[in-house]
Structure formats: structure tokens, C-alpha cells
$ cat my_file.pdb   # PDB, C-alpha atoms and all ligand atoms
ATOM      1  CA  MET V   1      37.102   5.683  19.114
ATOM      2  CA  GLN V   2      35.168   2.501  18.329
ATOM      3  CA  CYS V   3      32.674   3.292  21.110
ATOM      4  CA  LEU V   4      32.098   6.722  19.624
ATOM      5  CA  SER V   5      31.367   5.378  16.141
ATOM      6  CA  ILE V   6      29.093   2.658  17.526
ATOM      7  CA  SER V   7      27.174   5.264  19.438
ATOM      8  CA  ILE V   8      26.849   7.460  16.314
ATOM      9  CA  PHE V   9      25.708   4.409  14.338
ATOM     10  CA  ARG V  10      23.135   3.571  17.022
ATOM     11  CA  GLN V  11      21.863   7.152  16.949
ATOM     12  CA  GLN V  12      21.544   7.036  13.165
ATOM     13  CA  LEU V  13      19.802   3.676  13.272
ATOM     14  CA  TYR V  14      17.415   4.939  15.939
ATOM     15  CA  ARG V  15      16.711   8.051  13.887
ATOM     16  CA  SER V  16      16.144   6.142  10.682
ATOM     17  CA  ARG V  17      13.744   3.801  12.503
ATOM     18  CA  ARG V  18      11.828   6.811  13.736
ATOM     19  CA  SER V  19      11.446   7.961  10.147
ATOM     20  CA  LEU V  20       9.886   4.694   9.037
ATOM     21  CA  HIS V  21       6.194   5.138   8.445
ATOM     22  CA  SER V  22       4.066   2.087   8.962
ATOM     23  CA  ILE V  23       0.611   3.357   8.027
ATOM     24  CA  ALA V  24      -1.155   6.413   6.632
ATOM     25  CA  LEU V  25      -4.559   7.867   7.453
ATOM     26  CA  SER V  26      -6.665   9.721   4.947
ATOM     27  CA  ARG V  27     -10.309  10.489   4.249
ATOM     28  CA  GLU V  28     -12.609  10.521   1.227
ATOM     29  CA  ILE V  29     -13.707  13.844  -0.234
ATOM     30  CA  PRO V  30     -17.290  14.745   0.740
ATOM     31  CA  ALA V  31     -19.879  15.938  -1.793
ATOM     32  CA  SER V  32     -19.926  19.167   0.269
ATOM     33  CA  PHE V  33     -16.257  19.872  -0.609
ATOM     34  CA  ALA V  34     -17.215  22.867  -2.748
ATOM     35  CA  SER V  35     -18.178  24.653   0.519
ATOM     36  CA  ALA V  36     -14.739  24.109   2.088
ATOM     37  CA  ILE V  37     -12.892  27.198   3.355
ATOM     38  CA  SER V  38     -10.828  28.949   0.711
ATOM     39  CA  THR V  39      -8.824  32.102   0.241
ATOM     40  CA  HIS V  40      -9.005  31.612  -3.528
ATOM     41  CA  SER V  41     -11.503  33.434  -5.644
ATOM     42  CA  LYS V  42     -13.808  31.172  -7.648
ATOM     43  CA  ASP V  43     -13.406  33.391 -10.696
ATOM     44  CA  LYS V  44      -9.647  33.099 -10.743
ATOM     45  CA  ASP V  45      -9.408  29.362 -10.184
ATOM     46  CA  GLY V  46     -12.720  28.154 -11.582
ATOM     47  CA  PRO V  47     -15.391  26.224  -9.652
ATOM     48  CA  ILE V  48     -14.555  23.008  -7.848
ATOM     49  CA  SER V  49     -15.127  19.803  -9.768
ATOM     50  CA  ILE V  50     -15.873  17.090  -7.215
ATOM     51  CA  PRO V  51     -15.226  14.231  -9.684
ATOM     52  CA  ARG V  52     -11.848  15.764 -10.617
ATOM     53  CA  ALA V  53     -10.957  16.370  -6.948
ATOM     54  CA  ARG V  54     -11.859  12.738  -6.150
ATOM     55  CA  LYS V  55      -9.812  11.441  -9.058
ATOM     56  CA  GLN V  56      -6.772  13.451  -7.965
ATOM     57  CA  HIS V  57      -7.238  12.277  -4.390
ATOM     58  CA  SER V  58      -7.471   8.628  -5.403
ATOM     59  CA  LEU V  59      -4.273   8.926  -7.449
ATOM     60  CA  TYR V  60      -2.605  10.432  -4.390
ATOM     61  CA  LEU V  61      -3.823   7.474  -2.312
ATOM     62  CA  GLU V  62      -2.614   5.060  -4.940
ATOM     63  CA  LYS V  63       0.885   6.552  -4.785
ATOM     64  CA  LEU V  64       0.857   6.386  -0.986
ATOM     65  CA  ARG V  65      -0.336   2.780  -1.067
ATOM     66  CA  GLU V  66       2.501   1.781  -3.368
ATOM     67  CA  ARG V  67       4.713   2.489  -0.337
ATOM     68  CA  ILE V  68       2.662   1.972   2.835
ATOM     69  CA  PRO V  69      -0.817   0.769   3.773
ATOM     70  CA  ALA V  70      -3.323   3.628   3.995
ATOM     71  CA  ILE V  71      -6.635   3.699   5.832
ATOM     72  CA  CYS V  72      -9.143   5.868   3.997
ATOM     73  CA  LEU V  73     -11.999   6.924   6.284
ATOM     74  CA  PRO V  74     -15.483   7.566   4.880
ATOM     75  CA  ALA V  75     -16.302  11.158   3.908
ATOM     76  CA  LEU V  76     -17.884  13.417   6.528
ATOM     77  CA  GLU V  77     -20.579  15.328   4.678
ATOM     78  CA  ASP V  78     -21.102  17.814   7.536
ATOM     79  CA  TYR V  79     -17.435  18.800   7.340
ATOM     80  CA  PRO V  80     -16.488  20.063   3.856
ATOM     81  CA  ASP V  81     -12.780  20.394   4.820
ATOM     82  CA  SER V  82     -12.488  16.967   6.412
ATOM     83  CA  VAL V  83     -10.329  15.501   3.610
ATOM     84  CA  PHE V  84      -7.498  17.586   5.131
ATOM     85  CA  VAL V  85      -6.869  15.037   7.896
ATOM     86  CA  GLU V  86      -3.424  16.409   8.719
ATOM     87  CA  ASP V  87      -4.997  19.200  10.760
ATOM     88  CA  SER V  88      -6.786  16.864  13.214
ATOM     89  CA  VAL V  89      -3.756  15.297  14.861
ATOM     90  CA  VAL V  90      -0.082  15.671  15.701
ATOM     91  CA  ALA V  91       1.707  12.348  16.062
ATOM     92  CA  VAL V  92       5.211  11.494  17.159
ATOM     93  CA  GLY V  93       5.878   7.771  17.360
ATOM     94  CA  LYS V  94       3.086   6.038  19.235
ATOM     95  CA  ARG V  95       1.892   9.236  20.902
ATOM     96  CA  ALA V  96      -0.783  11.412  19.305
ATOM     97  CA  LEU V  97      -2.469  14.666  20.215
ATOM     98  CA  ILE V  98      -5.964  15.300  18.888
ATOM     99  CA  THR V  99      -6.215  19.008  18.127
ATOM    100  CA  ARG V 100      -8.821  21.687  18.659
ATOM    101  CA  GLN V 101      -8.676  23.062  15.152
ATOM    102  CA  GLY V 102      -8.246  26.768  14.627
ATOM    103  CA  HIS V 103     -11.282  27.197  12.403
ATOM    104  CA  PRO V 104     -14.590  26.648  14.235
ATOM    105  CA  THR V 105     -16.304  24.889  11.300
ATOM    106  CA  ARG V 106     -13.658  22.125  11.336
ATOM    107  CA  ARG V 107     -13.734  21.106  14.989
ATOM    108  CA  GLY V 108     -15.991  18.056  14.610
ATOM    109  CA  GLU V 109     -13.590  16.381  12.182
ATOM    110  CA  VAL V 110     -11.383  14.971  14.899
ATOM    111  CA  ASP V 111     -13.660  12.446  16.634
ATOM    112  CA  SER V 112     -13.460   9.654  14.067
ATOM    113  CA  ILE V 113      -9.681  10.184  13.763
ATOM    114  CA  GLN V 114      -9.369   9.754  17.518
ATOM    115  CA  THR V 115     -11.309   6.468  17.350
ATOM    116  CA  VAL V 116      -8.994   5.068  14.662
ATOM    117  CA  LEU V 117      -5.844   6.106  16.512
ATOM    118  CA  LEU V 118      -7.081   4.340  19.640
ATOM    119  CA  GLN V 119      -7.888   1.245  17.577
ATOM    120  CA  LEU V 120      -4.347   1.336  16.216
ATOM    121  CA  GLY V 121      -3.104   1.176  19.814
ATOM    122  CA  MET V 122      -1.758   4.715  19.997
ATOM    123  CA  GLU V 123      -1.457   6.683  23.191
ATOM    124  CA  VAL V 124      -3.945   9.452  22.449
ATOM    125  CA  PHE V 125      -4.168  12.835  24.177
ATOM    126  CA  ASP V 126      -6.907  15.366  23.488
ATOM    127  CA  MET V 127      -6.215  19.100  23.362
ATOM    128  CA  ARG V 128      -9.925  19.772  23.911
ATOM    129  CA  LYS V 129      -9.633  18.156  27.359
ATOM    130  CA  LEU V 130      -6.216  19.546  28.226
ATOM    131  CA  SER V 131      -6.819  23.224  27.534
ATOM    132  CA  LYS V 132      -9.791  25.573  27.387
ATOM    133  CA  ASN V 133      -8.459  27.892  24.715
ATOM    134  CA  GLY V 134      -5.673  25.958  23.011
ATOM    135  CA  LEU V 135      -5.914  25.865  19.210
ATOM    136  CA  CYS V 136      -3.792  23.976  16.735
ATOM    137  CA  ASP V 137      -3.938  22.746  13.163
ATOM    138  CA  GLY V 138      -1.632  19.824  12.432
ATOM    139  CA  GLY V 139      -0.522  21.672   9.283
ATOM    140  CA  ASP V 140       1.435  23.976  11.586
ATOM    141  CA  CYS V 141       3.428  21.113  13.077
ATOM    142  CA  MET V 142       6.434  19.618  11.348
ATOM    143  CA  TYR V 143       8.226  16.705  13.000
ATOM    144  CA  THR V 144      11.507  16.152  11.209
ATOM    145  CA  GLY V 145      12.783  13.328  13.412
ATOM    146  CA  ARG V 146      15.095  15.785  15.197
ATOM    147  CA  HIS V 147      12.773  18.693  15.989
ATOM    148  CA  LEU V 148       9.078  19.302  16.295
ATOM    149  CA  PHE V 149       8.606  22.726  14.718
ATOM    150  CA  VAL V 150       5.301  24.397  15.608
ATOM    151  CA  GLY V 151       4.279  27.507  13.707
ATOM    152  CA  LEU V 152       2.126  30.124  15.385
ATOM    153  CA  SER V 153      -0.514  31.130  12.853
ATOM    154  CA  ASP V 154      -4.107  32.239  12.525
ATOM    155  CA  ARG V 155      -4.969  28.609  13.407
ATOM    156  CA  THR V 156      -2.405  27.739  16.095
ATOM    157  CA  ASN V 157      -2.009  29.786  19.280
ATOM    158  CA  GLU V 158       0.317  29.953  22.296
ATOM    159  CA  GLU V 159      -2.012  27.859  24.458
ATOM    160  CA  GLY V 160      -2.067  25.190  21.754
ATOM    161  CA  CYS V 161       1.753  25.210  21.728
ATOM    162  CA  GLU V 162       1.775  24.765  25.488
ATOM    163  CA  VAL V 163      -0.343  21.608  25.172
ATOM    164  CA  LEU V 164       2.008  20.324  22.462
ATOM    165  CA  ARG V 165       4.948  20.964  24.777
ATOM    166  CA  GLN V 166       3.343  19.075  27.651
ATOM    167  CA  THR V 167       2.279  16.191  25.424
ATOM    168  CA  PHE V 168       5.549  15.700  23.619
ATOM    169  CA  GLU V 169       8.070  16.763  26.270
ATOM    170  CA  ILE V 170       8.956  13.103  26.802
ATOM    171  CA  ILE V 171      10.422  12.834  23.305
ATOM    172  CA  ASP V 172      14.146  13.436  22.977
ATOM    173  CA  GLU V 173      13.876  16.128  20.371
ATOM    174  CA  GLU V 174      13.574  19.826  20.850
ATOM    175  CA  ILE V 175      10.158  21.442  20.386
ATOM    176  CA  VAL V 176      10.678  24.710  18.525
ATOM    177  CA  ILE V 177       7.940  27.324  18.489
ATOM    178  CA  VAL V 178       8.153  29.358  15.292
ATOM    179  CA  PRO V 179       6.810  32.906  15.707
ATOM    180  CA  GLN V 180       4.086  34.015  13.321
ATOM    181  CA  VAL V 181       6.058  35.500  10.468
ATOM    182  CA  MET V 182       3.880  34.444   7.566
ATOM    183  CA  GLN V 183       1.037  36.926   7.943
ATOM    184  CA  GLY V 184       0.193  38.416   4.594
ATOM    185  CA  GLY V 185       2.476  35.930   2.848
ATOM    186  CA  GLY V 186      -0.432  33.976   1.394
ATOM    187  CA  VAL V 187       0.549  30.976   3.490
ATOM    188  CA  LEU V 188      -2.001  29.263   5.739
ATOM    189  CA  HIS V 189       0.149  26.909   7.787
ATOM    190  CA  LEU V 190       3.835  26.439   8.566
ATOM    191  CA  LYS V 191       3.848  23.405   6.268
ATOM    192  CA  SER V 192       2.248  25.374   3.448
ATOM    193  CA  ALA V 193       5.665  27.033   3.268
ATOM    194  CA  VAL V 194       8.160  24.445   4.440
ATOM    195  CA  SER V 195       8.343  20.670   4.611
ATOM    196  CA  HIS V 196      11.093  18.189   5.324
ATOM    197  CA  ILE V 197      12.561  15.509   3.103
ATOM    198  CA  ASP V 198      14.426  13.775   5.889
ATOM    199  CA  ASN V 199      15.825  14.727   9.273
ATOM    200  CA  GLU V 200      18.446  16.999   7.757
ATOM    201  CA  THR V 201      16.808  18.539   4.682
ATOM    202  CA  ILE V 202      14.065  21.149   4.425
ATOM    203  CA  LEU V 203      12.276  22.585   1.399
ATOM    204  CA  ALA V 204      11.436  26.296   1.493
ATOM    205  CA  PRO V 205      10.311  28.877  -1.039
ATOM    206  CA  GLU V 206      12.630  31.484  -2.481
ATOM    207  CA  GLY V 207      11.785  35.049  -1.526
ATOM    208  CA  SER V 208      10.829  36.878   1.630
ATOM    209  CA  VAL V 209       8.288  34.383   3.042
ATOM    210  CA  GLY V 210      10.890  31.612   2.880
ATOM    211  CA  ASP V 211      13.587  33.904   4.330
ATOM    212  CA  LYS V 212      11.399  34.852   7.279
ATOM    213  CA  VAL V 213      10.249  31.316   8.083
ATOM    214  CA  LEU V 214      13.759  29.864   7.860
ATOM    215  CA  GLU V 215      15.155  32.599  10.058
ATOM    216  CA  ALA V 216      12.382  32.084  12.607
ATOM    217  CA  MET V 217      13.071  28.329  12.571
ATOM    218  CA  GLN V 218      16.828  28.934  12.755
ATOM    219  CA  ALA V 219      16.964  26.071  10.291
ATOM    220  CA  GLU V 220      20.621  26.363   9.321
ATOM    221  CA  ARG V 221      21.830  26.842  12.880
ATOM    222  CA  ARG V 222      19.954  23.660  13.733
ATOM    223  CA  GLY V 223      21.916  21.831  11.049
ATOM    224  CA  TYR V 224      19.376  21.619   8.220
ATOM    225  CA  GLN V 225      20.331  21.819   4.588
ATOM    226  CA  VAL V 226      17.741  24.037   2.940
ATOM    227  CA  ILE V 227      16.599  23.561  -0.658
ATOM    228  CA  ARG V 228      14.971  26.741  -1.944
ATOM    229  CA  LEU V 229      12.375  26.465  -4.706
ATOM    230  CA  PRO V 230      10.733  29.196  -6.796
ATOM    231  CA  ASP V 231       7.329  27.516  -6.490
ATOM    232  CA  THR V 232       5.792  27.598  -2.990
ATOM    233  CA  LEU V 233       3.364  24.735  -3.703
ATOM    234  CA  ALA V 234       6.295  22.457  -4.548
ATOM    235  CA  CYS V 235       7.713  23.095  -1.058
ATOM    236  CA  ASN V 236       4.937  21.030   0.477
ATOM    237  CA  ALA V 237       6.175  17.494  -0.126
ATOM    238  CA  VAL V 238       5.204  14.215   1.524
ATOM    239  CA  SER V 239       8.290  12.256   2.432
ATOM    240  CA  ILE V 240       7.584   8.575   3.058
ATOM    241  CA  SER V 241      10.112   6.706   5.176
ATOM    242  CA  ASN V 242      13.034   8.615   3.614
ATOM    243  CA  SER V 243      12.533   6.602   0.459
ATOM    244  CA  ALA V 244       9.852   8.342  -1.596
ATOM    245  CA  LEU V 245       8.841  11.918  -2.137
ATOM    246  CA  LEU V 246       5.382  12.969  -3.327
ATOM    247  CA  VAL V 247       5.387  16.481  -4.753
ATOM    248  CA  GLN V 248       2.657  18.711  -6.119
ATOM    249  CA  ASP V 249       2.773  18.679  -9.903
ATOM    250  CA  ASN V 250       3.359  22.151 -11.281
ATOM    251  CA  ASN V 251       4.625  23.962 -14.311
ATOM    252  CA  CYS V 252       7.716  25.241 -12.589
ATOM    253  CA  LYS V 253      10.585  23.454 -14.329
ATOM    254  CA  VAL V 254      13.231  24.855 -11.991
ATOM    255  CA  SER V 255      11.451  23.468  -8.910
ATOM    256  CA  ARG V 256      10.925  20.162 -10.652
ATOM    257  CA  ASN V 257      14.566  19.825 -11.694
ATOM    258  CA  ARG V 258      15.864  20.750  -8.267
ATOM    259  CA  LEU V 259      13.567  18.224  -6.604
ATOM    260  CA  GLU V 260      14.535  15.503  -9.052
ATOM    261  CA  GLN V 261      18.195  16.210  -8.375
ATOM    262  CA  ILE V 262      17.826  16.098  -4.612
ATOM    263  CA  ALA V 263      15.738  12.909  -4.795
ATOM    264  CA  ALA V 264      18.424  11.283  -6.964
ATOM    265  CA  THR V 265      21.156  12.337  -4.527
ATOM    266  CA  LYS V 266      19.220  10.817  -1.670
ATOM    267  CA  ASN V 267      18.263   7.734  -3.624
ATOM    268  CA  MET V 268      14.556   8.473  -3.205
ATOM    269  CA  ASP V 269      11.721   7.869  -5.669
ATOM    270  CA  ILE V 270       9.905  11.009  -6.673
ATOM    271  CA  GLU V 271       6.299  11.305  -7.874
ATOM    272  CA  PHE V 272       4.623  14.467  -9.112
ATOM    273  CA  ILE V 273       0.922  14.509  -8.291
ATOM    274  CA  ASP V 274      -1.701  16.903  -9.587
ATOM    275  CA  CYS V 275      -3.815  18.128  -6.663
ATOM    276  CA  SER V 276      -4.998  21.355  -8.273
ATOM    277  CA  GLU V 277      -8.642  20.906  -7.168
ATOM    278  CA  LEU V 278      -7.557  20.504  -3.520
ATOM    279  CA  ALA V 279      -5.297  23.535  -3.882
ATOM    280  CA  LYS V 280      -8.385  25.636  -4.709
ATOM    281  CA  LYS V 281      -9.370  25.015  -1.090
ATOM    282  CA  ASP V 282      -5.883  25.827   0.200
ATOM    283  CA  GLY V 283      -4.964  22.168   0.521
ATOM    284  CA  ALA V 284      -1.538  20.853  -0.395
ATOM    285  CA  LEU V 285      -0.165  17.324  -0.391
ATOM    286  CA  THR V 286       0.732  16.845   3.259
ATOM    287  CA  CYS V 287      -2.776  17.953   4.332
ATOM    288  CA  CYS V 288      -4.406  14.874   2.839
ATOM    289  CA  SER V 289      -2.700  12.284   5.015
ATOM    290  CA  VAL V 290      -1.236  11.621   8.427
ATOM    291  CA  LEU V 291       1.797   9.356   8.299
ATOM    292  CA  LEU V 292       2.193   7.282  11.417
ATOM    293  CA  ASN V 293       5.251   5.578  12.771
ATOM    294  CA  LEU V 294       3.783   2.892  15.030
TER     295      LEU V 294
HETATM  296  C1  LIG R   1      -8.758  25.190   5.657
HETATM  297  O1  LIG R   1      -8.778  26.385   5.406
HETATM  298  O2  LIG R   1      -8.733  24.777   6.815
HETATM  299  C2  LIG R   1      -8.776  24.196   4.523
HETATM  300  N1  LIG R   1      -9.548  24.709   3.464
HETATM  301  C3  LIG R   1      -7.375  23.901   4.063
HETATM  302  C4  LIG R   1      -6.575  23.165   5.097
HETATM  303  C5  LIG R   1      -5.269  22.723   4.561
HETATM  304  N2  LIG R   1      -4.561  21.998   5.545
HETATM  305  C6  LIG R   1      -3.240  22.027   5.695
HETATM  306  O3  LIG R   1      -2.539  22.775   5.033
HETATM  307  N3  LIG R   1      -2.710  21.260   6.636
END

$ encode --input "my_file.pdb" --output "C-alpha cells"
Amino acid sequence: MQCLSISIFRQQLYRSRRSLHSIALSREIPASFASAISTHSKDKDGPISIPRARKQHSLYLEKLRERIPAICLPALEDYPDSVFVEDSVVAVGKRALITRQGHPTRRGEVDSIQTVLLQLGMEVFDMRKLSKNGLCDGGDCMYTGRHLFVGLSDRTNEEGCEVLRQTFEIIDEEIVIVPQVMQGGGVLHLKSAVSHIDNETILAPEGSVGDKVLEAMQAERRGYQVIRLPDTLACNAVSISNSALLVQDNNCKVSRNRLEQIAATKNMDIEFIDCSELAKKDGALTCCSVLLNL
């Protein structure tokens, strides 16, 4: 009996260590950001204000830096979308896979990320060398500490998933490929719809997009508690070391209250951050950083 509880304790300790983030990567917003890819119409959302976008981004960084050190790389003017660093890499522990991004205009973003990861002493693999046609955006990959969920999307294909499988097969956790169920749902990446708070809790939107993604992930069967929110943007939260939650600020009181409640239950700090300028370019909160567990 004692052996069993010690082994459960060890497992929990090991899992909680794996959730501890030691450093974050991010990148400044380039002056070319107004040309970033977007599904939003300018008329509906208004033109991009670079000063406002930069202010929002620096507040985001400030909140991250209250919890962990964050490296902020210089802007890449030739790559308007390069602030969305999440898409350049998938990292689990000390192992990282540099992606071949799904959108051709974004593929040069990865080189400087690769350099930093090597400098940090990570074991770095490169999808561009491992597969001719593999594509993947990091926004489609969600590592909860128990599973690596990979969403097939317009940016991530089967060949890309195969490279992820080969790269991360050494980790203990299951790699779950989530079929493309979000088409037409106004959702770019898997993590535009779902994100995790810790290794047992997932946020997902109410309604049919959320239903389809959760079913495809078999989230409940895999033991996740799912918190459904009316506001899809609020479902993309950055969870730092199981102790703080950064959430997109929004006018949806129900989402806000539910998130505050869950954060209180889990004894986590919660911060609401306005990233409305980044959202005009389909960016959410997780896209602007890569949290590493070195
Ligand atoms: C794009 O379309 O690639 C960018 N405008 C937005 C990328 C957002 N990244 C993410 O959700 N991981």
C-alpha cells in the first residue's frame, strides 16, 4: 500500500516538475505587422495600430516576466507574422522540433529561433531536414504534460505529424493526432479553440466547434476536466508553471467569472490581457510565446 502511494507521489512530482517553465521566448512586433496574414476584414476591426499592438505586447511580456524570465528576440521586418513565435517550434522538455510552417510566407521565421534553442542547450530537430513535405504550426500542438495533442489543420499535415511522432516518441506520453474537425469554424489552429490549464484541465468553447474538437481529442475519456466558455478567444490561455493563467481580456462576463473561479480553485493567479490588435491578425495569447521547460 505504502509502495503504491509513494509511486503515485513520485509520478505526481515528476509531472509537476515537467510543468515547471524555466524560460519563455518571444519576439518584438515588426513595423511590417500590418501586412501579417489575417482572416479579419479591415473594415470590421479597423486598421492595425502598430504602437497599440506594441504596447499590448509589452504588457503581455511584463506579465510573463513577473513569473519567468523571457527572451525577446528582435523584430524580423521581412516576416510580418514573426511575433507569433509559437508556430516556429514544438518543445517537450529539453527536446525541440523546428517546424516547416504551413504558410509559405512564414517559413523564414524559424532560423533565429533555432539558434536560440541551441544556445539554450536544447536538443534541436528540424522538420525541414527530416521530411520533404511535412508541415506544422506550433499553434496546432498542445502538450499538456500527459499528452501531446496535434491538430490536423490547413497548416499542419499528416507528414508533419509523422515527424512529430518520430521526434517525440521517446517521451512517455501519448501523441494524439486530432483529425481536422475545425474547418469552417473560424478557428485557425487547435490551440485557437482549446488550451490547457494544467495536466488535467482543458478550456474549450461552448457550441459545435468545441463539441467537435473535444470529441476528436477524446478529452473526457483521457481524463480531462473540460471547462466550457462562451467566448472562444478566452479559451486560449497561457498557463505558466501551473501557478498563473494569462487570459485574453474580453467583454464576456460569463467567461471571465468561470475562469476566475477555476483559477481560485486551483490556487492560480489570473491576469486578463488586452491583445485586441494581435487578434486582428488571428493571434491569441499562446501564439506570442514559447514556454520552455529546460
Ligand atoms: C497566421 O495566420 O499565421 C498569423 N497571422 C496568426 C498566427 C497565430 N498563431 C497561433 O495561433 N499559434

$ resolve_selection --input "my_file.pdb" --expression "the PyMOL selection byres (((not hetatm)) within 9 of (chain R and resi 1))" --output "ChimeraX atom specification"
/V:36-39,80-88,101-103,105-106,137-141,155,187-192,236,278-288

$ residues_around --input "my_file.pdb" --residues "Ala34 of chain V" --least-positions-apart "4" --cutoff "9 Å" --atoms "only C-alpha atoms" --output "NGL selection string"
:V and (30 or 47-50 or 80 or 281)

$ residues_around --input "my_file.pdb" --residues "Met142 of chain V" --least-positions-apart "3" --cutoff "10 Å" --atoms "only C-alpha atoms" --output "PyMOL selection string"
chain V and resi 90-91+138-139+145+147-151+175-176+190-191+194-196

$ resolve_selection --input "my_file.pdb" --expression "the PyMOL selection byres (((chain V and resi 130) around 12) and not hetatm)" --output "NGL selection string"
:V and (97-100 or 124-129 or 131-135 or 159-167)

$ axis_aligned_box --input "my_file.pdb" --around "segment 248-253 of chain V" --padding-each-side "5 Å" --output "lines of an AutoDock Vina configuration file"
center_x = 6.6
center_y = 22.0
center_z = -10.2
size_x = 17.9
size_y = 16.6
size_z = 18.2

$ resolve_selection --input "my_file.pdb" --expression "the PyMOL selection byres (((chain V and resi 201) around 6) and not hetatm)" --output "list in words"
His196, Ile197, Asp198, Glu200, Ile202, Tyr224, Gln225 and Val226 of chain V

$ atom_distance --input "my_file.pdb" --atom1 "atom CA of Asp231 of chain V" --atom2 "atom CA of Asn250 of chain V"
8.2 Å

$ atom_distance --input "my_file.pdb" --atom1 "atom CA of Asn157 of chain V" --atom2 "atom CA of Cys136 of chain V"
6.6 Å

$ atom_distance --input "my_file.pdb" --atom1 "atom CA of Val209 of chain V" --atom2 "atom CA of Ile227 of chain V"
14.1 Å

$ residues_near_point --input "my_file.pdb" --point "(12.3, 31.3, 6.2)" --cutoff "10 Å" --atoms "all atoms listed in the file" --output "PDB file with C-alpha atoms, in the coordinates of the input"
ATOM      1  CA  VAL V 181       6.058  35.500  10.468  1.00  0.00           C
ATOM      2  CA  MET V 182       3.880  34.444   7.566  1.00  0.00           C
ATOM      3  CA  ALA V 193       5.665  27.033   3.268  1.00  0.00           C
ATOM      4  CA  VAL V 194       8.160  24.445   4.440  1.00  0.00           C
ATOM      5  CA  LEU V 203      12.276  22.585   1.399  1.00  0.00           C
ATOM      6  CA  ALA V 204      11.436  26.296   1.493  1.00  0.00           C
ATOM      7  CA  PRO V 205      10.311  28.877  -1.039  1.00  0.00           C
ATOM      8  CA  GLU V 206      12.630  31.484  -2.481  1.00  0.00           C
ATOM      9  CA  GLY V 207      11.785  35.049  -1.526  1.00  0.00           C
ATOM     10  CA  SER V 208      10.829  36.878   1.630  1.00  0.00           C
ATOM     11  CA  VAL V 209       8.288  34.383   3.042  1.00  0.00           C
ATOM     12  CA  GLY V 210      10.890  31.612   2.880  1.00  0.00           C
ATOM     13  CA  ASP V 211      13.587  33.904   4.330  1.00  0.00           C
ATOM     14  CA  LYS V 212      11.399  34.852   7.279  1.00  0.00           C
ATOM     15  CA  VAL V 213      10.249  31.316   8.083  1.00  0.00           C
ATOM     16  CA  LEU V 214      13.759  29.864   7.860  1.00  0.00           C
ATOM     17  CA  GLU V 215      15.155  32.599  10.058  1.00  0.00           C
ATOM     18  CA  ALA V 216      12.382  32.084  12.607  1.00  0.00           C
ATOM     19  CA  MET V 217      13.071  28.329  12.571  1.00  0.00           C
ATOM     20  CA  GLN V 218      16.828  28.934  12.755  1.00  0.00           C
ATOM     21  CA  ALA V 219      16.964  26.071  10.291  1.00  0.00           C
ATOM     22  CA  VAL V 226      17.741  24.037   2.940  1.00  0.00           C
ATOM     23  CA  ARG V 228      14.971  26.741  -1.944  1.00  0.00           C
TER      24      ARG V 228
END

$ closest_residue --input "my_file.pdb" --among "V:Ile240, V:Leu229, V:Gly186, V:Asp249" --to "Pro69 of chain V" --atoms "all atoms listed in the file"
V:Ile240

$ closest_residue --input "my_file.pdb" --among "V:Leu117, V:Val178, V:Met122, V:Ala24" --to "Lys63 of chain V" --atoms "only C-alpha atoms"
V:Ala24
